[in-house]
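Enquirer: Contents are PDB, C-alpha atoms and all ligand atoms; file name input.pdb:
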ATOM      1  CA  MET A   1     108.264  91.189  71.156
ATOM      2  CA  PHE A   2     111.937  90.486  70.567
ATOM      3  CA  ARG A   3     112.268  92.985  67.774
ATOM      4  CA  ARG A   4     110.672  95.668  69.919
ATOM      5  CA  SER A   5     113.064  95.091  72.774
ATOM      6  CA  VAL A   6     116.065  95.391  70.444
ATOM      7  CA  ARG A   7     114.630  98.627  69.134
ATOM      8  CA  SER A   8     114.295 100.076  72.605
ATOM      9  CA  ILE A   9     117.815  99.064  73.557
ATOM     10  CA  MET A  10     118.997 101.059  70.556
ATOM     11  CA  SER A  11     116.961 103.915  72.058
ATOM     12  CA  SER A  12     115.377 104.844  68.787
ATOM     13  CA  VAL A  13     111.863 104.678  70.150
ATOM     14  CA  LYS A  14     109.702 106.633  67.737
ATOM     15  CA  PRO A  15     106.746 108.570  69.102
ATOM     16  CA  ILE A  16     103.581 106.631  68.433
ATOM     17  CA  ALA A  17     101.148 108.193  65.960
ATOM     18  CA  TYR A  18      97.606 109.034  66.976
ATOM     19  CA  GLU A  19      94.479 110.646  65.660
ATOM     20  CA  ASN A  20      93.559 114.189  66.474
ATOM     21  CA  ALA A  21      89.970 113.352  67.363
ATOM     22  CA  ARG A  22      91.116 110.814  69.973
ATOM     23  CA  LYS A  23      93.638 113.316  71.284
ATOM     24  CA  GLU A  24      90.964 115.945  71.859
ATOM     25  CA  GLN A  25      88.630 113.448  73.501
ATOM     26  CA  LEU A  26      91.270 112.017  75.835
ATOM     27  CA  ILE A  27      92.620 115.375  76.913
ATOM     28  CA  GLU A  28      89.086 116.575  77.608
ATOM     29  CA  GLN A  29      88.334 113.506  79.734
ATOM     30  CA  PHE A  30      91.648 113.633  81.528
ATOM     31  CA  THR A  31      91.356 117.327  82.388
ATOM     32  CA  ALA A  32      87.771 116.830  83.591
ATOM     33  CA  VAL A  33      88.905 114.069  85.985
ATOM     34  CA  LYS A  34      91.972 116.036  87.065
ATOM     35  CA  GLY A  35      89.713 119.026  87.793
ATOM     36  CA  MET A  36      87.397 116.878  89.928
ATOM     37  CA  VAL A  37      90.326 115.363  91.806
ATOM     38  CA  ASP A  38      91.921 118.733  92.504
ATOM     39  CA  ALA A  39      88.566 120.198  93.570
ATOM     40  CA  GLU A  40      88.143 117.486  96.218
ATOM     41  CA  VAL A  41      91.558 118.003  97.778
ATOM     42  CA  PRO A  42      91.150 120.217 100.843
ATOM     43  CA  SER A  43      93.297 123.348 100.615
ATOM     44  CA  GLY A  44      96.552 122.999 102.466
ATOM     45  CA  SER A  45      96.632 119.194 102.054
ATOM     46  CA  ASN A  46      99.235 117.306 100.116
ATOM     47  CA  LYS A  47      98.673 116.782  96.415
ATOM     48  CA  VAL A  48      96.828 113.655  95.303
ATOM     49  CA  LEU A  49      98.423 111.679  92.483
ATOM     50  CA  LEU A  50      96.027 110.916  89.648
ATOM     51  CA  LEU A  51      97.224 107.569  88.281
ATOM     52  CA  ALA A  52      95.959 107.054  84.721
ATOM     53  CA  VAL A  53      95.053 103.360  84.536
ATOM     54  CA  SER A  54      95.784 102.418  80.927
ATOM     55  CA  LYS A  55      95.303  98.643  81.085
ATOM     56  CA  LEU A  56      93.863  97.138  77.889
ATOM     57  CA  LYS A  57      94.114 100.523  76.165
ATOM     58  CA  PRO A  58      96.467 101.101  73.218
ATOM     59  CA  ALA A  59      99.931 102.622  73.499
ATOM     60  CA  SER A  60      98.716 105.501  71.306
ATOM     61  CA  ASP A  61      96.350 106.585  74.112
ATOM     62  CA  ILE A  62      99.264 106.669  76.524
ATOM     63  CA  GLN A  63     101.375 108.633  74.028
ATOM     64  CA  ILE A  64      98.606 111.260  73.801
ATOM     65  CA  LEU A  65      98.524 111.824  77.550
ATOM     66  CA  TYR A  66     102.318 111.636  77.730
ATOM     67  CA  ASP A  67     102.568 114.447  75.168
ATOM     68  CA  TYR A  68     100.087 116.369  77.304
ATOM     69  CA  GLY A  69     102.453 115.980  80.285
ATOM     70  CA  VAL A  70     101.163 112.914  82.135
ATOM     71  CA  ARG A  71     103.926 110.611  83.409
ATOM     72  CA  ASP A  72     102.264 108.114  85.785
ATOM     73  CA  PHE A  73     100.416 105.184  84.218
ATOM     74  CA  GLY A  74      98.946 102.061  85.811
ATOM     75  CA  GLU A  75      98.926  98.607  84.223
ATOM     76  CA  ASN A  76      97.496  95.280  85.419
ATOM     77  CA  TYR A  77      99.195  92.672  83.254
ATOM     78  CA  VAL A  78     102.946  92.045  83.331
ATOM     79  CA  GLN A  79     103.329  91.186  79.653
ATOM     80  CA  GLU A  80     101.323  94.220  78.574
ATOM     81  CA  LEU A  81     103.349  96.520  80.819
ATOM     82  CA  ILE A  82     106.606  95.131  79.398
ATOM     83  CA  GLU A  83     105.522  95.608  75.801
ATOM     84  CA  LYS A  84     104.247  99.120  76.409
ATOM     85  CA  SER A  85     107.405 100.072  78.298
ATOM     86  CA  GLN A  86     109.440  99.113  75.230
ATOM     87  CA  LEU A  87     107.322 101.188  72.861
ATOM     88  CA  LEU A  88     106.862 104.299  74.950
ATOM     89  CA  PRO A  89     109.181 106.978  76.402
ATOM     90  CA  GLN A  90     111.564 105.903  79.122
ATOM     91  CA  ASP A  91     110.621 108.654  81.559
ATOM     92  CA  ILE A  92     107.146 107.228  82.062
ATOM     93  CA  ARG A  93     106.635 106.045  85.629
ATOM     94  CA  TRP A  94     104.930 102.674  85.374
ATOM     95  CA  HIS A  95     102.810 101.472  88.273
ATOM     96  CA  PHE A  96     101.889  97.820  88.421
ATOM     97  CA  ILE A  97      98.436  97.529  89.997
ATOM     98  CA  GLY A  98      97.358  94.027  88.953
ATOM     99  CA  GLY A  99      97.357  90.786  90.883
ATOM    100  CA  LEU A 100     101.025  89.970  91.466
ATOM    101  CA  GLN A 101     102.236  86.412  90.909
ATOM    102  CA  SER A 102     105.528  85.232  92.398
ATOM    103  CA  ASN A 103     106.767  83.877  89.101
ATOM    104  CA  LYS A 104     106.240  87.280  87.399
ATOM    105  CA  CYS A 105     108.191  89.365  89.913
ATOM    106  CA  LYS A 106     111.430  88.878  88.006
ATOM    107  CA  ASP A 107     110.098  90.070  84.631
ATOM    108  CA  LEU A 108     108.476  93.051  86.264
ATOM    109  CA  ALA A 109     111.616  94.086  88.152
ATOM    110  CA  LYS A 110     113.601  94.053  84.890
ATOM    111  CA  VAL A 111     111.576  96.989  83.534
ATOM    112  CA  ALA A 112     113.969  99.900  84.077
ATOM    113  CA  ASN A 113     111.262 102.530  84.493
ATOM    114  CA  LEU A 114     108.977 100.430  86.655
ATOM    115  CA  HIS A 115     108.263 102.940  89.401
ATOM    116  CA  THR A 116     105.809 101.314  91.800
ATOM    117  CA  VAL A 117     104.365  97.900  92.484
ATOM    118  CA  GLU A 118     101.113  98.613  94.294
ATOM    119  CA  THR A 119     100.074  95.050  94.947
ATOM    120  CA  VAL A 120     102.733  93.484  97.139
ATOM    121  CA  ASP A 121     100.799  90.957  99.207
ATOM    122  CA  SER A 122     103.467  88.632 100.570
ATOM    123  CA  LEU A 123     106.951  88.741 102.016
ATOM    124  CA  LYS A 124     108.044  86.246  99.387
ATOM    125  CA  LYS A 125     107.051  88.587  96.550
ATOM    126  CA  ALA A 126     108.714  91.598  98.209
ATOM    127  CA  ARG A 127     111.896  89.524  98.448
ATOM    128  CA  LYS A 128     111.664  88.400  94.823
ATOM    129  CA  LEU A 129     111.260  91.959  93.574
ATOM    130  CA  ASN A 130     114.279  93.053  95.609
ATOM    131  CA  GLU A 131     116.414  90.153  94.421
ATOM    132  CA  ALA A 132     115.544  90.594  90.742
ATOM    133  CA  ARG A 133     115.997  94.377  90.805
ATOM    134  CA  GLY A 134     119.403  93.933  92.375
ATOM    135  CA  LYS A 135     120.380  91.296  89.845
ATOM    136  CA  TYR A 136     119.061  92.853  86.620
ATOM    137  CA  GLN A 137     118.679  96.610  87.240
ATOM    138  CA  PRO A 138     120.950  97.523  90.158
ATOM    139  CA  GLU A 139     121.595 100.998  88.714
ATOM    140  CA  CYS A 140     117.909 101.857  88.410
ATOM    141  CA  GLU A 141     115.861 103.483  91.105
ATOM    142  CA  ALA A 142     114.634 101.146  93.819
ATOM    143  CA  ILE A 143     111.090  99.957  93.179
ATOM    144  CA  SER A 144     108.511 101.751  95.310
ATOM    145  CA  CYS A 145     106.155  99.230  96.839
ATOM    146  CA  ASN A 146     102.707  99.395  98.344
ATOM    147  CA  ILE A 147     101.473  96.631 100.581
ATOM    148  CA  GLN A 148      98.043  95.557  99.398
ATOM    149  CA  ILE A 149      95.562  95.080 102.200
ATOM    150  CA  ASN A 150      92.304  93.225 101.788
ATOM    151  CA  THR A 151      90.222  95.656 103.820
ATOM    152  CA  SER A 152      86.886  94.141 102.821
ATOM    153  CA  GLN A 153      88.103  90.590 103.593
ATOM    154  CA  GLU A 154      86.307  89.294 100.491
ATOM    155  CA  ASP A 155      87.684  85.934  99.402
ATOM    156  CA  GLN A 156      88.086  86.931  95.761
ATOM    157  CA  LYS A 157      90.300  89.904  96.605
ATOM    158  CA  SER A 158      94.015  89.645  97.121
ATOM    159  CA  GLY A 159      95.767  91.488  99.876
ATOM    160  CA  LEU A 160      96.774  90.835 103.440
ATOM    161  CA  VAL A 161      94.557  90.709 106.493
ATOM    162  CA  SER A 162      96.938  89.418 109.145
ATOM    163  CA  GLU A 163      98.773  91.926 111.331
ATOM    164  CA  LYS A 164     101.667  89.543 111.772
ATOM    165  CA  GLU A 165     102.231  89.209 108.022
ATOM    166  CA  ILE A 166     101.820  92.926 107.422
ATOM    167  CA  PHE A 167     104.363  93.785 110.135
ATOM    168  CA  GLU A 168     106.779  91.181 108.747
ATOM    169  CA  ILE A 169     106.726  92.830 105.340
ATOM    170  CA  VAL A 170     107.214  96.296 106.825
ATOM    171  CA  GLU A 171     110.188  94.948 108.780
ATOM    172  CA  PHE A 172     111.661  93.453 105.630
ATOM    173  CA  PHE A 173     111.464  96.846 103.902
ATOM    174  CA  LYS A 174     113.217  98.443 106.865
ATOM    175  CA  SER A 175     116.000  95.845 106.838
ATOM    176  CA  GLU A 176     119.456  96.165 105.258
ATOM    177  CA  GLU A 177     118.545  93.468 102.815
ATOM    178  CA  ALA A 178     115.904  95.572 101.039
ATOM    179  CA  LYS A 179     118.259  97.701  98.935
ATOM    180  CA  TYR A 180     116.407  97.620  95.649
ATOM    181  CA  VAL A 181     112.854  98.052  96.897
ATOM    182  CA  LYS A 182     111.394 100.658  99.226
ATOM    183  CA  LEU A 183     108.139 100.886 101.099
ATOM    184  CA  ASN A 184     105.927 103.655  99.732
ATOM    185  CA  GLY A 185     102.552 102.946 101.272
ATOM    186  CA  LEU A 186      99.403 100.874 101.458
ATOM    187  CA  MET A 187      96.865 100.017  98.804
ATOM    188  CA  THR A 188      93.347  98.649  98.830
ATOM    189  CA  ILE A 189      90.533  98.006  96.423
ATOM    190  CA  GLY A 190      87.258  98.959  98.080
ATOM    191  CA  SER A 191      84.430  96.449  97.908
ATOM    192  CA  TRP A 192      81.875  97.118  95.169
ATOM    193  CA  ASP A 193      78.897  97.507  97.492
ATOM    194  CA  VAL A 194      80.669 100.019  99.639
ATOM    195  CA  SER A 195      81.936 101.944  96.590
ATOM    196  CA  HIS A 196      78.423 102.534  95.344
ATOM    197  CA  ASP A 197      77.062 103.968  98.526
ATOM    198  CA  ASP A 198      78.692 107.350  98.828
ATOM    199  CA  THR A 199      76.412 108.676 101.517
ATOM    200  CA  ASN A 200      78.707 107.431 104.262
ATOM    201  CA  GLU A 201      82.309 107.043 105.105
ATOM    202  CA  ASN A 202      83.767 104.136 103.137
ATOM    203  CA  LYS A 203      84.660 101.412 105.658
ATOM    204  CA  ASP A 204      87.414  99.939 103.494
ATOM    205  CA  PHE A 205      89.097 103.301 103.228
ATOM    206  CA  SER A 206      88.768 103.893 106.984
ATOM    207  CA  LYS A 207      90.407 100.543 107.604
ATOM    208  CA  LEU A 208      93.332 101.402 105.356
ATOM    209  CA  VAL A 209      93.754 104.688 107.238
ATOM    210  CA  GLU A 210      93.770 102.724 110.527
ATOM    211  CA  TRP A 211      96.491 100.433 109.183
ATOM    212  CA  LYS A 212      98.560 103.439 108.187
ATOM    213  CA  GLN A 213      98.231 104.924 111.674
ATOM    214  CA  LYS A 214      99.144 101.640 113.296
ATOM    215  CA  ILE A 215     102.231 101.091 111.137
ATOM    216  CA  ASP A 216     103.365 104.729 111.206
ATOM    217  CA  SER A 217     103.237 104.853 114.989
ATOM    218  CA  LYS A 218     104.991 101.514 115.432
ATOM    219  CA  TYR A 219     107.722 101.986 112.827
ATOM    220  CA  GLY A 220     108.016 105.765 112.387
ATOM    221  CA  THR A 221     107.051 105.517 108.707
ATOM    222  CA  GLU A 222     104.961 108.045 106.778
ATOM    223  CA  LEU A 223     103.044 105.730 104.520
ATOM    224  CA  LYS A 224     101.089 106.937 101.513
ATOM    225  CA  LEU A 225      97.675 105.570 100.641
ATOM    226  CA  SER A 226      96.426 104.345  97.280
ATOM    227  CA  MET A 227      92.661 103.962  97.356
ATOM    228  CA  GLY A 228      89.809 105.091  95.100
ATOM    229  CA  MET A 229      88.953 104.336  91.475
ATOM    230  CA  SER A 230      86.429 105.840  89.005
ATOM    231  CA  ALA A 231      83.436 104.889  91.170
ATOM    232  CA  ASP A 232      84.720 106.054  94.535
ATOM    233  CA  PHE A 233      87.647 108.444  94.176
ATOM    234  CA  LYS A 234      85.902 111.465  95.655
ATOM    235  CA  GLN A 235      85.227 109.625  98.893
ATOM    236  CA  ALA A 236      88.812 108.310  98.933
ATOM    237  CA  ILE A 237      90.135 111.865  98.705
ATOM    238  CA  LYS A 238      87.828 112.973 101.541
ATOM    239  CA  GLN A 239      89.290 110.171 103.641
ATOM    240  CA  GLY A 240      92.852 111.245 102.960
ATOM    241  CA  THR A 241      94.233 109.172 100.090
ATOM    242  CA  SER A 242      97.533 110.154  98.455
ATOM    243  CA  GLU A 243      96.643 108.604  95.119
ATOM    244  CA  VAL A 244      93.570 107.666  93.087
ATOM    245  CA  ARG A 245      93.703 105.080  90.301
ATOM    246  CA  ILE A 246      91.381 105.985  87.453
ATOM    247  CA  GLY A 247      90.857 104.136  84.183
ATOM    248  CA  THR A 248      87.325 104.258  82.841
ATOM    249  CA  ASP A 249      86.628 107.939  83.511
ATOM    250  CA  ILE A 250      89.764 108.911  81.585
ATOM    251  CA  PHE A 251      90.014 106.323  78.777
ATOM    252  CA  GLY A 252      86.411 105.103  78.463
ATOM    253  CA  THR A 253      85.229 101.519  78.854
ATOM    254  CA  ARG A 254      87.814  98.817  78.285
ATOM    255  CA  PRO A 255      87.650  96.092  75.621
ATOM    256  CA  PRO A 256      87.630  92.466  76.792
ATOM    257  CA  LYS A 257      91.173  91.227  77.389
ATOM    258  CA  ASN A 258      91.229  88.980  74.302
ATOM    259  CA  GLU A 259      90.275  91.921  72.053
ATOM    260  CA  ALA A 260      92.656  94.487  73.507
ATOM    261  CA  LYS A 261      95.412  95.772  71.189
ATOM    262  CA  ILE A 262      98.683  97.354  72.245
TER     263      ILE A 262
HETATM  264  C1  LIG B   1      91.316  98.643  86.702
HETATM  265  C2  LIG B   1      91.732  99.147  87.999
HETATM  266  C3  LIG B   1      91.523 100.482  88.351
HETATM  267  C4  LIG B   1      90.787 101.465  87.483
HETATM  268  O1  LIG B   1      89.426 101.167  87.503
HETATM  269  P1  LIG B   1      88.332 102.117  86.844
HETATM  270  O2  LIG B   1      87.069 101.702  87.489
HETATM  271  O3  LIG B   1      88.362 101.838  85.387
HETATM  272  O4  LIG B   1      88.693 103.534  87.148
HETATM  273  C5  LIG B   1      91.995 100.898  89.589
HETATM  274  N1  LIG B   1      92.630 100.057  90.439
HETATM  275  C6  LIG B   1      92.846  98.763  90.119
HETATM  276  C7  LIG B   1      93.555  97.884  91.091
HETATM  277  C8  LIG B   1      92.393  98.270  88.898
HETATM  278  O5  LIG B   1      92.602  96.977  88.614
END
What would you get if you wrote out this structure as structure tokens?

Expert:
Amino acid sequence: MFRRSVRSIMSSVKPIAYENARKEQLIEQFTAVKGMVDAEVPSGSNKVLLLAVSKLKPASDIQILYDYGVRDFGENYVQELIEKSQLLPQDIRWHFIGGLQSNKCKDLAKVANLHTVETVDSLKKARKLNEARGKYQPECEAISCNIQINTSQEDQKSGLVSEKEIFEIVEFFKSEEAKYVKLNGLMTIGSWDVSHDDTNENKDFSKLVEWKQKIDSKYGTELKLSMGMSADFKQAIKQGTSEVRIGTDIFGTRPPKNEAKI
């Protein structure tokens, strides 16, 4: 860990080696997904960001897609994101999409090329990200933040459900104090049952759209939406998402966390 961080400070990050067979496979899978995403976007609409979710996958996989031109990658675990950020090129835009803990906000905000935190689910965490960015990386770009909303109201999911709390966070982002973080949009994880029934409109996605309309009209924002994963991204695009977060369809199934190698 320590050695790696010294290496990256000296900016002598060497490109990571990879095998040609894996390169061909990954590029094929990525372009297939990208093709499906682009095909779903109605003509004349804004582009949809395809976030490559690389959690639990090796840095060499990320290097392959980076060399192919991909710059946005999603990670779920703070320590893993930090280690990968030290091994991989500095112009990668890292998106943190995992459950955010207050005591990890500082470490996350220190990552210079952390681009977006998609899972801000409390005012306290928004404040901590702002404070730490200002203290440790004041010259870096402000961290884009998405407020995570628990649209399915399942107990095991994080995210906000209360209008009062959601408005409070939006107001924080609009305040003078929030210099090192900026509000980008809203994020949700659809419930599993709903994701696997693609005959109808997805209720979680409709709810996120309603939240966007409510906040945009009250505060004059133009919030983006992050909704849709491998199982339900087509429906998310139909319902107007700005971003889909796809892991499995690009990288294949993930190893268990204790067997994953960076
Ligand atoms: C893992 C993860 C994804 C990607 O899921 P896949 O089903 O592998 O595409 C997307 N969003 C979040 C929040 C995740 O944790």

Enquirer: Identify all residues satisfying the PyMOL selection byres (((chain A and resi 72-79) around 9) and not hetatm) in the given file; provide them as a PyMOL selection string.

Expert: chain A and resi 49-56+62+66+70-71+80-84+92-100+104-105+107-108+115+245-247

Enquirer: Could you tell me, as a PyMOL selection string, exactly which residues end up selected when the PyMOL selection byres (((chain A and resi 60) around 8) and not hetatm) is applied to this structure?

Expert: chain A and resi 16-18+58-59+61-64

Enquirer: Just how far from atom CA of Ala112 of chain A is atom CA of Gln137 of chain A, in Å to one decimal?

Expert: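 Rounded to one decimal, the two atoms are 6.6 Å apart.
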
Enquirer: Mind pulling up the distance from atom CA of Phe30 of chain A to atom N1 of ligand LIG 1 (chain B)?

Expert: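 Separating atom N1 of ligand LIG 1 (chain B) from atom CA of Phe30 of chain A is a distance of 16.3 Å.
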
Enquirer: Could you tell me how far atom CA of Glu163 of chain A sits from atom CA of Ser217 of chain A, in Å to one decimal place?

Expert: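 Taking atom CA of Ser217 of chain A and atom CA of Glu163 of chain A, their separation equals 14.2 Å.
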
Enquirer: For ligand LIG 1 (chain B), which of A:Ala142, A:Val170, A:Ile149, A:Leu183 is the closest residue, counting all atoms listed in the file?

Expert: A:Ile149

Enquirer: Find the residues near Val161 of chain A: any atom within 9 Å, counting only C-alpha atoms, skip ones fewer than 6 places away on the same chain, and give them as a ChimeraX atom specification.

Expert: /A:149-151,153

Enquirer: Have a look at A:Arg127, A:Lys157, A:Lys261, A:Lys23 and name the one nearest to ligand LIG 1 (chain B); count all atoms listed in the file.

Expert: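 Smallest distance to ligand LIG 1 (chain B) is found for A:Lys157.
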
Enquirer: Any idea what's packed within 8 Å of segment 228-236 of chain A, counting all atoms listed in the file, ignoring anything in its chain fewer than 4 positions away? Could you give it as a ChimeraX atom specification?

Expert: /A:37,40,189-190,195-196,198,201-202,205,240-241,243-249

Enquirer: Compare A:Thr221, A:Asn103, A:Asn130, A:Thr188 by their minimum atom-to-atom distance to ligand LIG 1 (chain B), counting all atoms listed in the file, and give me the closest one.

Expert: A:Thr188

Enquirer: Adding 8 Å on each side of the box along x, y and z that holds all listed atoms of ligand LIG 1 (chain B), could you give its centre and edge lengths in Å to one decimal, as lines of an AutoDock Vina configuration file?

Expert:
center_x = 90.3
center_y = 100.3
center_z = 88.2
size_x = 22.5
size_y = 22.6
size_z = 21.7

Enquirer: From the list A:Val120, A:Cys140, A:Leu87, A:Ile166, which residue is nearest Met187 of chain A when using all atoms listed in the file?

Expert: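 The shortest atom-to-atom distance to Met187 of chain A comes from A:Val120.
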